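Raw contents of structure02.cif, mmCIF, C-alpha atoms and all ligand atoms:
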data_query
#
loop_
_atom_site.label_atom_id
_atom_site.label_comp_id
_atom_site.auth_asym_id
_atom_site.auth_seq_id
_atom_site.Cartn_x
_atom_site.Cartn_y
_atom_site.Cartn_z
CA MET A 24 17.08 -0.62 0.00
CA THR A 25 13.86 -2.27 -1.02
CA THR A 26 12.69 -1.86 -4.56
CA GLN A 27 8.97 -1.60 -5.15
CA PRO A 28 7.74 -4.26 -7.55
CA ALA A 29 7.14 -2.41 -10.81
CA ILE A 30 3.52 -2.03 -11.81
CA TRP A 31 2.44 -4.06 -14.83
CA ARG A 32 2.16 -1.68 -17.75
CA ALA A 33 0.26 -1.96 -21.00
CA SER A 34 1.03 0.47 -23.81
CA VAL A 35 -1.33 0.24 -26.76
CA LEU A 36 -0.66 1.91 -30.11
CA THR A 37 -3.88 2.44 -31.99
CA LEU A 38 -5.70 4.71 -34.41
CA PHE A 39 -8.65 4.61 -32.01
CA PRO A 40 -7.36 5.45 -28.52
CA ASP A 41 -10.95 6.29 -27.48
CA MET A 42 -11.74 2.57 -27.58
CA PHE A 43 -9.63 2.20 -24.38
CA PRO A 44 -10.03 1.28 -21.61
CA GLY A 45 -13.51 0.31 -22.89
CA PRO A 46 -14.41 -3.09 -21.49
CA LEU A 47 -11.11 -3.11 -19.57
CA GLY A 48 -12.48 -0.24 -17.48
CA VAL A 49 -15.19 -2.32 -15.79
CA SER A 50 -15.44 -5.37 -13.55
CA LEU A 51 -12.27 -7.24 -12.58
CA ALA A 52 -9.84 -5.46 -14.92
CA GLY A 53 -11.44 -2.07 -14.31
CA LYS A 54 -11.30 -2.37 -10.54
CA ALA A 55 -7.66 -3.44 -10.77
CA LEU A 56 -6.95 -0.47 -13.06
CA ALA A 57 -8.62 1.92 -10.62
CA ALA A 58 -6.70 0.32 -7.75
CA GLY A 59 -3.40 0.90 -9.57
CA LEU A 60 -2.56 -2.80 -9.94
CA TRP A 61 -1.80 -2.16 -13.60
CA THR A 62 -1.64 0.83 -15.94
CA LEU A 63 -2.96 1.31 -19.44
CA GLU A 64 -1.70 3.87 -21.90
CA ALA A 65 -3.45 4.17 -25.27
CA ARG A 66 -1.33 6.13 -27.73
CA ASP A 67 -2.67 7.56 -30.96
CA ILE A 68 -0.63 6.39 -33.96
CA ARG A 69 -2.01 9.36 -35.88
CA ALA A 70 -0.11 11.72 -33.58
CA SER A 71 3.02 10.61 -35.47
CA ALA A 72 1.62 11.52 -38.89
CA THR A 73 3.58 14.25 -40.62
CA ASP A 74 1.52 15.58 -43.53
CA LYS A 75 -1.27 18.10 -43.22
CA HIS A 76 -3.97 15.46 -43.74
CA ARG A 77 -2.44 13.41 -40.93
CA SER A 78 -2.55 10.33 -43.13
CA VAL A 79 -1.17 7.09 -41.73
CA ASP A 80 -1.81 4.65 -44.57
CA ASP A 81 -1.22 4.26 -48.28
CA THR A 82 -2.07 1.88 -51.12
CA PRO A 83 -0.32 -1.51 -51.16
CA ALA A 84 2.85 -1.78 -53.22
CA GLY A 85 2.17 -4.25 -56.01
CA GLY A 86 -1.51 -3.36 -56.08
CA GLY A 87 -4.54 -4.96 -54.52
CA PRO A 88 -7.40 -3.80 -52.34
CA GLY A 89 -7.33 -1.67 -49.22
CA MET A 90 -4.68 0.38 -47.51
CA VAL A 91 -1.53 -0.43 -45.54
CA LEU A 92 -0.26 1.30 -42.38
CA ARG A 93 2.94 3.09 -43.28
CA ALA A 94 6.23 1.85 -41.81
CA ASP A 95 7.65 5.31 -41.15
CA ILE A 96 4.57 6.58 -39.28
CA LEU A 97 4.21 3.43 -37.18
CA ALA A 98 7.95 3.32 -36.41
CA ALA A 99 7.79 6.95 -35.24
CA ALA A 100 4.80 6.09 -33.02
CA ILE A 101 6.67 3.12 -31.52
CA ASP A 102 9.80 5.20 -30.93
CA ALA A 103 7.77 7.99 -29.33
CA ALA A 104 6.25 5.46 -26.92
CA ASP A 105 9.79 4.91 -25.63
CA ILE A 106 9.29 1.27 -24.68
CA ALA A 107 11.96 -0.01 -22.28
CA PRO A 108 14.18 -2.77 -23.72
CA GLY A 109 12.92 -6.11 -22.41
CA ARG A 110 9.25 -5.20 -22.67
CA PRO A 111 7.51 -7.46 -25.18
CA ARG A 112 6.58 -5.67 -28.41
CA LEU A 113 3.52 -7.28 -29.88
CA LEU A 114 1.55 -6.77 -33.06
CA MET A 115 -1.98 -8.12 -33.11
CA SER A 116 -2.21 -10.03 -36.38
CA PRO A 117 -4.22 -12.94 -37.79
CA ARG A 118 -0.91 -14.29 -39.18
CA GLY A 119 0.63 -14.39 -35.73
CA GLN A 120 1.35 -17.19 -33.31
CA PRO A 121 -2.01 -18.18 -31.78
CA LEU A 122 -2.32 -16.84 -28.22
CA THR A 123 -2.28 -19.54 -25.54
CA GLN A 124 -2.82 -19.54 -21.79
CA SER A 125 0.88 -20.29 -21.27
CA ARG A 126 1.91 -17.22 -23.33
CA VAL A 127 -0.66 -15.18 -21.39
CA THR A 128 0.90 -16.36 -18.09
CA GLU A 129 4.36 -15.46 -19.37
CA LEU A 130 3.19 -11.98 -20.39
CA ALA A 131 1.44 -11.49 -17.03
CA GLU A 132 4.68 -12.36 -15.22
CA GLY A 133 6.69 -9.84 -17.24
CA PRO A 134 6.75 -6.03 -17.14
CA GLY A 135 3.74 -5.70 -19.45
CA PRO A 136 3.69 -5.41 -23.24
CA MET A 137 3.53 -2.75 -25.86
CA ILE A 138 0.82 -3.74 -28.33
CA VAL A 139 0.39 -2.40 -31.85
CA CYS A 140 -3.15 -2.61 -33.21
CA GLY A 141 -3.34 -2.93 -36.99
CA ARG A 142 -6.15 -1.62 -39.17
CA PHE A 143 -6.97 -1.75 -42.88
CA GLU A 144 -5.08 -4.51 -44.72
CA GLY A 145 -2.38 -4.57 -42.08
CA VAL A 146 1.01 -2.95 -41.59
CA ASP A 147 4.11 -2.54 -43.78
CA GLN A 148 6.35 -5.59 -43.24
CA ARG A 149 9.46 -3.44 -42.78
CA VAL A 150 8.29 -1.96 -39.48
CA ILE A 151 7.54 -5.46 -38.16
CA ASP A 152 11.12 -6.45 -38.99
CA ALA A 153 12.83 -3.21 -38.00
CA ARG A 154 11.15 -2.95 -34.59
CA GLY A 155 11.15 -6.70 -33.89
CA LEU A 156 7.38 -6.97 -33.44
CA GLU A 157 6.06 -10.36 -32.34
CA GLU A 158 2.86 -11.14 -34.23
CA VAL A 159 0.10 -12.57 -32.03
CA SER A 160 -3.26 -13.90 -33.20
CA ILE A 161 -6.34 -14.45 -31.07
CA GLY A 162 -7.81 -17.00 -33.46
CA ASP A 163 -8.34 -18.09 -37.03
CA TYR A 164 -10.78 -15.38 -38.09
CA VAL A 165 -10.30 -11.80 -39.24
CA LEU A 166 -11.29 -8.76 -37.18
CA SER A 167 -11.47 -5.27 -38.61
CA GLY A 168 -8.77 -4.03 -36.27
CA GLY A 169 -6.34 -5.11 -33.57
CA GLU A 170 -8.05 -3.24 -30.71
CA ILE A 171 -10.52 -5.95 -29.69
CA ALA A 172 -7.74 -8.53 -30.03
CA ALA A 173 -5.48 -6.42 -27.78
CA MET A 174 -8.28 -6.12 -25.24
CA ALA A 175 -8.76 -9.88 -25.23
CA LEU A 176 -5.04 -10.39 -24.62
CA LEU A 177 -4.89 -7.73 -21.90
CA ASP A 178 -7.99 -9.04 -20.16
CA ALA A 179 -6.49 -12.53 -20.05
CA CYS A 180 -3.22 -11.18 -18.58
CA VAL A 181 -4.68 -8.73 -16.07
CA ARG A 182 -6.84 -11.31 -14.30
CA LEU A 183 -3.63 -13.21 -13.50
CA LEU A 184 -1.82 -10.26 -11.92
CA PRO A 185 -1.23 -10.55 -8.17
CA GLY A 186 -4.16 -9.15 -6.19
CA VAL A 187 -6.58 -8.98 -9.12
CA MET A 188 -8.58 -12.16 -8.65
CA GLY A 189 -10.17 -12.63 -5.25
CA LYS A 190 -8.94 -16.15 -4.79
CA GLN A 191 -5.55 -16.95 -6.35
CA ALA A 192 -6.65 -20.57 -6.56
CA SER A 193 -9.29 -19.78 -9.15
CA ALA A 194 -6.63 -19.58 -11.86
CA THR A 195 -5.01 -22.93 -11.16
CA ASP A 196 -8.12 -25.02 -11.68
CA GLU A 197 -9.56 -23.56 -14.83
CA SER A 198 -9.52 -24.47 -18.50
CA PHE A 199 -6.05 -24.98 -20.05
CA SER A 200 -4.15 -24.68 -16.75
CA ALA A 201 -3.41 -28.41 -16.87
CA GLY A 202 -4.05 -28.84 -20.57
CA LEU A 203 -7.66 -29.76 -19.80
CA LEU A 204 -10.98 -27.98 -20.20
CA GLU A 205 -12.78 -27.10 -17.01
CA TYR A 206 -15.38 -29.42 -15.45
CA PRO A 207 -19.03 -28.26 -15.32
CA GLN A 208 -19.96 -25.81 -12.58
CA TYR A 209 -23.17 -25.68 -10.55
CA THR A 210 -24.65 -23.48 -7.87
CA ARG A 211 -27.97 -22.99 -6.09
CA PRO A 212 -30.82 -23.73 -6.49
CA GLN A 213 -30.45 -27.47 -5.84
CA GLU A 214 -33.14 -28.13 -8.47
CA PHE A 215 -33.59 -26.15 -11.70
CA GLU A 216 -36.45 -27.07 -14.07
CA GLY A 217 -36.32 -30.63 -12.80
CA ARG A 218 -32.51 -30.87 -13.12
CA GLN A 219 -30.52 -31.64 -9.98
CA ILE A 220 -26.95 -30.73 -9.04
CA PRO A 221 -24.94 -33.97 -9.37
CA GLU A 222 -25.12 -35.91 -6.05
CA ILE A 223 -21.35 -36.09 -5.57
CA LEU A 224 -21.02 -32.29 -5.49
CA VAL A 225 -23.34 -32.03 -2.50
CA SER A 226 -21.90 -35.10 -0.74
CA GLY A 227 -19.24 -33.16 1.14
CA ASP A 228 -16.65 -35.81 0.15
CA HIS A 229 -13.79 -33.66 -1.19
CA ALA A 230 -11.77 -36.54 -2.61
CA LYS A 231 -14.76 -37.82 -4.55
CA VAL A 232 -15.57 -34.31 -5.77
CA ALA A 233 -11.99 -33.90 -7.03
CA ALA A 234 -12.05 -37.28 -8.78
CA TRP A 235 -15.43 -36.50 -10.40
CA ARG A 236 -14.19 -33.13 -11.62
CA LEU A 237 -11.03 -34.60 -13.12
CA ALA A 238 -13.04 -37.31 -14.89
CA GLN A 239 -15.43 -34.68 -16.28
CA SER A 240 -12.53 -32.49 -17.43
CA GLU A 241 -10.92 -35.43 -19.18
CA ALA A 242 -14.15 -36.52 -20.88
CA LEU A 243 -14.88 -32.95 -22.08
CA THR A 244 -11.36 -32.41 -23.37
CA ARG A 245 -11.36 -35.72 -25.18
CA ALA A 246 -14.74 -35.01 -26.83
CA ARG A 247 -14.30 -31.33 -27.65
CA ARG A 248 -10.60 -30.81 -28.09
CA PRO A 249 -8.82 -33.87 -29.47
CA ASP A 250 -5.83 -31.58 -30.14
CA LEU A 251 -5.41 -30.80 -26.41
CA TRP A 252 -6.19 -34.38 -25.48
CA ALA A 253 -3.42 -35.71 -27.73
CA ILE A 254 -0.87 -33.44 -26.01
CA ARG A 255 -2.18 -34.45 -22.59
CA THR A 256 -1.96 -38.18 -23.24
CA ARG A 257 1.54 -37.79 -24.68
CA GLN A 258 2.62 -35.91 -21.51
CA THR A 259 1.06 -38.46 -19.17
CA LYS A 260 2.81 -41.24 -21.08
CA ASN A 261 6.17 -39.45 -20.76
CA THR A 262 5.72 -39.00 -17.02
CA THR A 263 4.85 -42.66 -16.45
CA ASP A 264 7.71 -43.76 -18.72
CA GLY A 265 10.02 -41.70 -16.47
N1 LIG B 301 -5.27 -8.43 -44.47
C1 LIG B 301 -4.94 -9.00 -43.19
C2 LIG B 301 -6.04 -8.76 -42.19
C3 LIG B 301 -6.10 -7.35 -41.69
S1 LIG B 301 -7.33 -7.15 -40.47
C4 LIG B 301 -4.70 -10.49 -43.36
O1 LIG B 301 -5.32 -11.10 -44.22
O2 LIG B 301 -3.92 -11.08 -42.58
C5 LIG B 301 -6.84 -5.63 -39.73
C6 LIG B 301 -6.12 -5.73 -38.41
O3 LIG B 301 -6.94 -6.36 -37.46
C7 LIG B 301 -4.84 -6.53 -38.41
O4 LIG B 301 -3.75 -5.75 -38.83
C8 LIG B 301 -4.72 -6.95 -36.96
O5 LIG B 301 -4.11 -5.94 -36.18
C9 LIG B 301 -6.16 -7.08 -36.52
N2 LIG B 301 -6.63 -8.47 -36.50
C10 LIG B 301 -7.54 -9.02 -37.34
N3 LIG B 301 -7.77 -10.30 -37.05
C11 LIG B 301 -7.00 -10.61 -35.98
C12 LIG B 301 -6.78 -11.79 -35.22
N4 LIG B 301 -7.41 -12.93 -35.49
N5 LIG B 301 -5.91 -11.73 -34.19
C13 LIG B 301 -5.25 -10.58 -33.91
N6 LIG B 301 -5.41 -9.43 -34.60
C14 LIG B 301 -6.27 -9.43 -35.62
#
Have the structure of the file written as structure tokens, please.
Ligand code: SAH
Amino acid sequence: MTTQPAIWRASVLTLFPDMFPGPLGVSLAGKALAAGLWTLEARDIRASATDKHRSVDDTPAGGGPGMVLRADILAAAIDAADIAPGRPRLLMSPRGQPLTQSRVTELAEGPGPMIVCGRFEGVDQRVIDARGLEEVSIGDYVLSGGEIAAMALLDACVRLLPGVMGKQASATDESFSAGLLEYPQYTRPQEFEGRQIPEILVSGDHAKVAAWRLAQSEALTRARRPDLWAIRTRQTKNTTDG
């Protein structure tokens, strides 16, 4: 008996389900969604509210500004989503582990995550602990809600799913795939406002093109991202040391 490969699933828990699919409904991700290469379910956290005002938040214990998403409401929403064991359970959060291309690849290779989008001041710590949520950040700045962060994460994953990108090779060459930033790209016209496409790229010499691109990637990474460059040089040293 052959088992069909399971379709990559994204389940998003949000107070604003209308924001989805949003930008994920167009272009590459949108076409893949329409083609059934992945599925997206946006679930309304408010559907798990119990009081007549359907409130989901309350004032922070200990005082301070803003409101906090209640543990009981969010836990009920997570439980109602009935997420299979083994599916990653993420919480978008500026305190989380910064998202990297390698984590994105890992998520794309799995069954697809459940993602909780926070709002207000954040969520009650006890639901993070009780439901084992993995906090993920998309960068050191604060958004007003987790939805745009979740979309960024999903977009990065979906483009890596089999059949989504036209040419599978496009993912192996780009920024971060080898710990380097991507080399500069050019296309027609040959001359733009007096600027030419670098000679080597139109030479037809594939080995020279590859060497030029690697050199450009290295120079860019070194200049713009000393943090990535330090990791890269450490790795290269380890490989040559055996
Ligand atoms: N008071 C919180 C910020 C809350 S922002 C703090 O200082 O850490 C409201 C929600 O937006 C968060 O719960 C989270 O879901 C989302 N969010 C904000 N910035 C984010 C980021 N950089 N990465 C991922 N999610 C983020």
Write as a PyMOL selection string the residues around ligand LIG 301 (chain B), taking 8 Å as the cut-off and counting only C-alpha atoms and all ligand atoms.
chain A and resi 114-119+121+139-146+159-173
Give me a file of those residues, with C-alpha atoms, as a PDB file, in the coordinates of the input.
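Final file, again.pdb:
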ATOM      1  CA  LEU A 114       1.550  -6.770 -33.060  1.00  0.00           C
ATOM      2  CA  MET A 115      -1.980  -8.120 -33.110  1.00  0.00           C
ATOM      3  CA  SER A 116      -2.210 -10.030 -36.380  1.00  0.00           C
ATOM      4  CA  PRO A 117      -4.220 -12.940 -37.790  1.00  0.00           C
ATOM      5  CA  ARG A 118      -0.910 -14.290 -39.180  1.00  0.00           C
ATOM      6  CA  GLY A 119       0.630 -14.390 -35.730  1.00  0.00           C
ATOM      7  CA  PRO A 121      -2.010 -18.180 -31.780  1.00  0.00           C
ATOM      8  CA  VAL A 139       0.390  -2.400 -31.850  1.00  0.00           C
ATOM      9  CA  CYS A 140      -3.150  -2.610 -33.210  1.00  0.00           C
ATOM     10  CA  GLY A 141      -3.340  -2.930 -36.990  1.00  0.00           C
ATOM     11  CA  ARG A 142      -6.150  -1.620 -39.170  1.00  0.00           C
ATOM     12  CA  PHE A 143      -6.970  -1.750 -42.880  1.00  0.00           C
ATOM     13  CA  GLU A 144      -5.080  -4.510 -44.720  1.00  0.00           C
ATOM     14  CA  GLY A 145      -2.380  -4.570 -42.080  1.00  0.00           C
ATOM     15  CA  VAL A 146       1.010  -2.950 -41.590  1.00  0.00           C
ATOM     16  CA  VAL A 159       0.100 -12.570 -32.030  1.00  0.00           C
ATOM     17  CA  SER A 160      -3.260 -13.900 -33.200  1.00  0.00           C
ATOM     18  CA  ILE A 161      -6.340 -14.450 -31.070  1.00  0.00           C
ATOM     19  CA  GLY A 162      -7.810 -17.000 -33.460  1.00  0.00           C
ATOM     20  CA  ASP A 163      -8.340 -18.090 -37.030  1.00  0.00           C
ATOM     21  CA  TYR A 164     -10.780 -15.380 -38.090  1.00  0.00           C
ATOM     22  CA  VAL A 165     -10.300 -11.800 -39.240  1.00  0.00           C
ATOM     23  CA  LEU A 166     -11.290  -8.760 -37.180  1.00  0.00           C
ATOM     24  CA  SER A 167     -11.470  -5.270 -38.610  1.00  0.00           C
ATOM     25  CA  GLY A 168      -8.770  -4.030 -36.270  1.00  0.00           C
ATOM     26  CA  GLY A 169      -6.340  -5.110 -33.570  1.00  0.00           C
ATOM     27  CA  GLU A 170      -8.050  -3.240 -30.710  1.00  0.00           C
ATOM     28  CA  ILE A 171     -10.520  -5.950 -29.690  1.00  0.00           C
ATOM     29  CA  ALA A 172      -7.740  -8.530 -30.030  1.00  0.00           C
ATOM     30  CA  ALA A 173      -5.480  -6.420 -27.780  1.00  0.00           C
TER      31      ALA A 173
END
What's around range 55-71 of chain A at 8 Å? Count all atoms listed in the file, leave out sequence neighbours fewer than 3 positions away in its own chain, and write the answer as JSON, numbers by chain. {"A": [30, 31, 32, 33, 34, 35, 36, 37, 38, 39, 40, 43, 44, 48, 51, 52, 77, 78, 79, 96, 97, 99, 100, 104, 181, 184, 186, 187]}
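Closest to Arg93 in chain A among A:Ser226, A:Gln258, A:Thr73, A:Gln219 is A:Thr73, based on all atoms listed in the file.
Relative to CA of Ile220 in chain A, CA of Trp235 in chain A is found at 13.0 Å.
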CA of Gln124 in chain A sits from CA of Leu92 in chain A at a separation of 29.4 Å
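Note that the spacing between CA of Arg149 in chain A and CA of His76 in chain A amounts to 23.2 Å.
When all atoms listed in the file are used to compute distances to Gln148 in chain A, the closest of the residues A:Thr259, A:Pro46, A:Pro212, A:Val91 turns out to be A:Val91.
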**Study point:** Residues within 12 Å of Leu130 in chain A, all atoms listed in the file, excluding chain neighbours under 2 positions, as a PyMOL selection string
**Key:** chain A and resi 31-33+109-113+122-128+132-138+176-184
